[in-house]
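Novice: Structure: work36.cif, mmCIF, C-alpha atoms and all ligand atoms.
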data_structure
#
loop_
_atom_site.label_atom_id
_atom_site.label_comp_id
_atom_site.auth_asym_id
_atom_site.auth_seq_id
_atom_site.Cartn_x
_atom_site.Cartn_y
_atom_site.Cartn_z
CA MET A 79 -4.57 -89.46 57.92
CA GLY A 80 -4.33 -85.72 58.10
CA ILE A 81 -5.74 -84.43 54.88
CA PHE A 82 -3.50 -82.39 52.77
CA THR A 83 -3.15 -78.98 54.24
CA SER A 84 0.05 -78.31 52.34
CA ASP A 85 0.48 -81.23 49.93
CA LYS A 86 -0.56 -81.19 46.37
CA LEU A 87 -1.59 -84.65 45.29
CA ASP A 88 -1.31 -85.39 41.61
CA THR A 89 -0.19 -88.99 41.57
CA LEU A 90 -0.86 -92.25 43.36
CA GLU A 91 2.87 -92.32 44.20
CA GLU A 92 2.47 -89.07 46.14
CA LEU A 93 -0.63 -90.37 47.91
CA LEU A 94 1.20 -93.57 48.89
CA GLU A 95 4.07 -91.47 50.24
CA HIS A 96 1.59 -89.51 52.33
CA GLU A 97 0.03 -92.73 53.66
CA LEU A 98 3.45 -94.13 54.54
CA LYS A 99 4.46 -91.02 56.48
CA ASP A 100 1.14 -91.02 58.32
CA LEU A 101 1.67 -94.66 59.33
CA TYR A 102 5.28 -93.90 60.26
CA ASP A 103 4.08 -91.25 62.68
CA ALA A 104 1.28 -93.46 64.01
CA GLU A 105 3.62 -96.39 64.74
CA HIS A 106 6.09 -94.16 66.58
CA ARG A 107 3.31 -92.72 68.71
CA ILE A 108 1.91 -96.17 69.53
CA THR A 109 5.21 -97.33 71.03
CA GLU A 110 4.71 -94.88 73.91
CA PRO A 111 1.43 -96.08 75.49
CA LEU A 112 1.91 -99.81 74.77
CA PRO A 113 4.30 -100.47 77.69
CA LYS A 114 1.96 -98.53 79.97
CA MET A 115 -0.99 -100.60 78.76
CA ALA A 116 0.96 -103.79 79.44
CA GLU A 117 1.71 -102.47 82.91
CA LYS A 118 -1.92 -101.53 83.57
CA ALA A 119 -3.42 -104.80 82.31
CA THR A 120 -4.26 -107.41 84.95
CA ASN A 121 -5.16 -110.37 82.74
CA PRO A 122 -1.86 -112.21 82.02
CA SER A 123 -2.77 -112.97 78.38
CA LEU A 124 -3.64 -109.33 77.80
CA LYS A 125 -0.40 -108.17 79.42
CA LYS A 126 1.53 -110.52 77.14
CA ALA A 127 -0.44 -109.44 74.06
CA PHE A 128 0.53 -105.79 74.67
CA GLN A 129 4.17 -106.71 75.29
CA ASN A 130 4.27 -108.78 72.08
CA HIS A 131 2.61 -106.05 70.11
CA LEU A 132 5.20 -103.53 71.27
CA ARG A 133 7.90 -105.74 69.74
CA GLN A 134 5.81 -106.11 66.58
CA THR A 135 5.32 -102.34 66.42
CA GLU A 136 9.08 -101.84 66.42
CA LYS A 137 9.23 -104.25 63.50
CA HIS A 138 6.48 -102.28 61.74
CA ILE A 139 8.66 -99.16 61.95
CA GLU A 140 11.60 -101.08 60.46
CA ARG A 141 9.42 -102.29 57.59
CA LEU A 142 8.24 -98.76 56.89
CA ASN A 143 11.89 -97.70 56.79
CA SER A 144 12.57 -100.44 54.24
CA VAL A 145 9.56 -99.45 52.13
CA CYS A 146 10.60 -95.78 52.17
CA GLU A 147 14.16 -96.68 51.22
CA HIS A 148 12.92 -98.89 48.39
CA ARG A 149 10.72 -96.11 47.06
CA GLY A 150 13.36 -93.42 47.46
CA ILE A 151 11.36 -91.55 50.10
CA GLU A 152 12.81 -89.86 53.15
CA PRO A 153 11.20 -91.65 56.13
CA GLN A 154 9.53 -88.69 57.79
CA ARG A 155 6.64 -88.43 60.19
CA GLU A 156 3.51 -86.60 59.15
CA LYS A 157 1.41 -85.94 62.20
CA CYS A 158 -1.39 -88.48 62.40
CA ASP A 159 -4.17 -86.63 64.22
CA ALA A 160 -6.36 -89.71 64.36
CA ILE A 161 -3.81 -91.66 66.40
CA VAL A 162 -3.18 -88.63 68.61
CA GLY A 163 -6.90 -88.70 69.43
CA LEU A 164 -7.10 -92.46 69.91
CA ILE A 165 -4.08 -92.41 72.23
CA LYS A 166 -5.59 -89.53 74.16
CA GLU A 167 -8.75 -91.57 74.73
CA GLY A 168 -6.66 -94.61 75.65
CA SER A 169 -4.68 -92.62 78.19
CA GLU A 170 -7.91 -91.87 80.01
CA VAL A 171 -8.16 -95.61 80.65
CA LEU A 172 -4.55 -95.64 81.85
CA SER A 173 -5.32 -93.10 84.53
CA ALA A 174 -8.69 -94.60 85.48
CA GLU A 175 -9.27 -96.59 88.64
CA GLY A 176 -11.85 -99.28 89.25
CA ASP A 177 -12.49 -102.98 88.81
CA ASN A 178 -9.48 -104.72 87.23
CA ASP A 179 -11.54 -106.77 84.78
CA VAL A 180 -13.57 -103.78 83.65
CA LEU A 181 -10.36 -101.78 83.22
CA ASP A 182 -8.95 -104.63 81.11
CA ALA A 183 -12.09 -104.52 78.95
CA ALA A 184 -11.58 -100.77 78.54
CA LEU A 185 -7.91 -101.28 77.55
CA ILE A 186 -8.98 -103.77 74.89
CA ALA A 187 -11.65 -101.38 73.60
CA ALA A 188 -9.03 -98.64 73.24
CA ALA A 189 -6.40 -100.91 71.70
CA GLN A 190 -8.77 -102.35 69.10
CA ARG A 191 -9.60 -98.87 67.86
CA VAL A 192 -5.90 -98.34 67.19
CA GLU A 193 -5.59 -101.72 65.45
CA HIS A 194 -8.53 -100.92 63.19
CA TYR A 195 -6.96 -97.62 62.22
CA GLU A 196 -3.73 -99.41 61.33
CA ILE A 197 -5.59 -102.13 59.42
CA ALA A 198 -7.27 -99.45 57.31
CA GLY A 199 -3.98 -97.62 56.72
CA TYR A 200 -1.90 -100.67 55.85
CA GLY A 201 -4.65 -102.18 53.70
CA THR A 202 -4.83 -98.96 51.70
CA ALA A 203 -1.04 -98.56 51.41
CA ARG A 204 -0.58 -102.21 50.41
CA THR A 205 -3.23 -101.89 47.70
CA PHE A 206 -1.68 -98.67 46.36
CA ALA A 207 1.72 -100.40 46.19
CA GLN A 208 0.14 -103.30 44.29
CA GLN A 209 -1.46 -100.87 41.86
CA LEU A 210 1.95 -99.29 41.29
CA SER A 211 3.49 -102.74 40.66
CA ASP A 212 5.75 -102.28 43.68
CA ASP A 213 5.62 -105.88 44.83
CA TYR A 214 8.44 -105.45 47.34
CA SER A 215 6.60 -102.73 49.27
CA ALA A 216 3.22 -104.46 48.89
CA GLU A 217 4.66 -107.62 50.45
CA LEU A 218 6.16 -105.80 53.46
CA LEU A 219 3.01 -103.76 54.02
CA GLU A 220 0.93 -106.94 53.87
CA GLN A 221 3.11 -108.62 56.49
CA THR A 222 2.39 -105.77 58.87
CA LEU A 223 -1.30 -105.77 57.88
CA ASP A 224 -1.50 -109.46 58.79
CA GLU A 225 0.11 -108.82 62.19
CA GLU A 226 -2.33 -105.98 62.94
CA LYS A 227 -5.25 -108.23 61.98
CA SER A 228 -4.04 -111.09 64.11
CA THR A 229 -3.48 -108.76 67.08
CA ASP A 230 -7.03 -107.52 66.67
CA GLN A 231 -8.35 -111.10 66.58
CA GLN A 232 -6.27 -112.05 69.59
CA LEU A 233 -7.69 -109.11 71.55
CA THR A 234 -11.22 -110.20 70.63
CA LYS A 235 -10.42 -113.71 71.83
CA ILE A 236 -9.10 -112.46 75.18
CA ALA A 237 -12.12 -110.18 75.58
CA VAL A 238 -14.75 -112.77 74.73
CA GLY A 239 -12.97 -115.69 76.38
CA SER A 240 -12.07 -114.18 79.71
CA VAL A 241 -12.12 -110.43 80.27
CA ASN A 242 -15.74 -109.71 79.35
CA PRO A 243 -17.23 -112.64 81.32
CA ALA A 244 -15.12 -111.61 84.33
CA SER A 245 -16.27 -107.99 83.93
CA ALA A 246 -19.92 -109.04 83.85
CA ARG A 247 -19.68 -111.19 86.98
CA GLU A 248 -21.64 -109.99 89.98
CA GLN A 249 -19.35 -108.33 92.49
FE FE A 301 1.64 -101.39 63.86
FE FE A 302 -0.86 -102.36 65.88
#
Mind converting the file's structure to structure tokens?

Specialist:
Amino acid sequence: MGIFTSDKLDTLEELLEHELKDLYDAEHRITEPLPKMAEKATNPSLKKAFQNHLRQTEKHIERLNSVCEHRGIEPQREKCDAIVGLIKEGSEVLSAEGDNDVLDAALIAAAQRVEHYEIAGYGTARTFAQQLSDDYSAELLEQTLDEEKSTDQQLTKIAVGSVNPASAREQ
């Protein structure tokens, strides 16, 4: 979350709005590399996980639209510098060459950093909404939070179950 160069933050409502716009920007940015990551991945489960998560990410944007509408906020993007940086690092993997299994491991490493950022953002936003007794928004934000967590777990499973052992195999 870009910290407050222009905003004045006096209320938790304003801070939640800021968090929502940061996530809105992050989700839009993530839709760009995901298809390329699916393309680059060799492991079929990993390929599918990226494809599925692209569809989920589109749903995450829709939910943020609903939350903004419910709260009377214009759904705008506030540049999320953290995601810009994480995507930049990830794109280095996209242009890298080498062993397919090791490249898959690198894709997972990059993707999990993004998921952890989202988990932090959605966890925070959900908890702010709860504090503000906005159950509708809290529920939608938690649905996305749960999907980010399960994507993260799924990536761990693919890494530990197949990609990492394949990467470590003697050539
Ligand atoms: Fe997301
Ligand atoms: Fe995600």

Novice: Please identify every polymer residue within 10 Å of ligand FE 302 (chain A), using only C-alpha atoms and all ligand atoms, and present the set as number ranges by chain.

Specialist: A: 104-105, 108-109, 112, 128, 131-132, 134-136, 138, 189-197, 222-223, 225-230

Novice: Give me, as a list in words, all polymer residues having an atom no more than 10 Å from A:Leu210, counting only C-alpha atoms and skipping those fewer than 6 positions away in the same chain.

Specialist: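 These residues fall inside the cut-off: Leu90, Glu91, Leu94, Arg204 and Ala216 of chain A.
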
Novice: Can you tell me, as number ranges by chain, what residues are no more than 8 Å from stretch 152-158 of chain A when counting only C-alpha atoms, ignoring any on the same chain fewer than 2 positions away?

Specialist: A: 79-80, 96, 99-104, 142-143, 146-147, 150, 160-162

Novice: How many Å lie between atom CA of A:Glu97 and atom CA of A:Tyr200, rounded to one decimal?

Specialist: 8.5 Å

Novice: For A:Gly168, work out the shell of residues within 9 Å, counting all atoms listed in the file and skipping chain neighbours fewer than 5 positions away, then give it as a list of chain:residue names.

Specialist: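 Residues near the query, excluding close chain neighbours: A:Pro111, A:Met115, A:Gly163, A:Ala184, A:Leu185, A:Ala187, A:Ala188, A:Ala189.
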
Novice: Just to confirm, what's the straight-line distance from atom CA of A:Ser144 to atom CA of A:Leu98 in Å (one decimal)?

Specialist: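 Interatomic distance, atom CA of A:Ser144 to atom CA of A:Leu98: 11.1 Å.
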
Novice: Taking into account only C-alpha atoms, which residue in the set A:Glu248, A:Gly199, A:Glu117, A:Ala237 is nearest to A:Leu172?

Specialist: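 The shortest atom-to-atom distance to A:Leu172 comes from A:Glu117.
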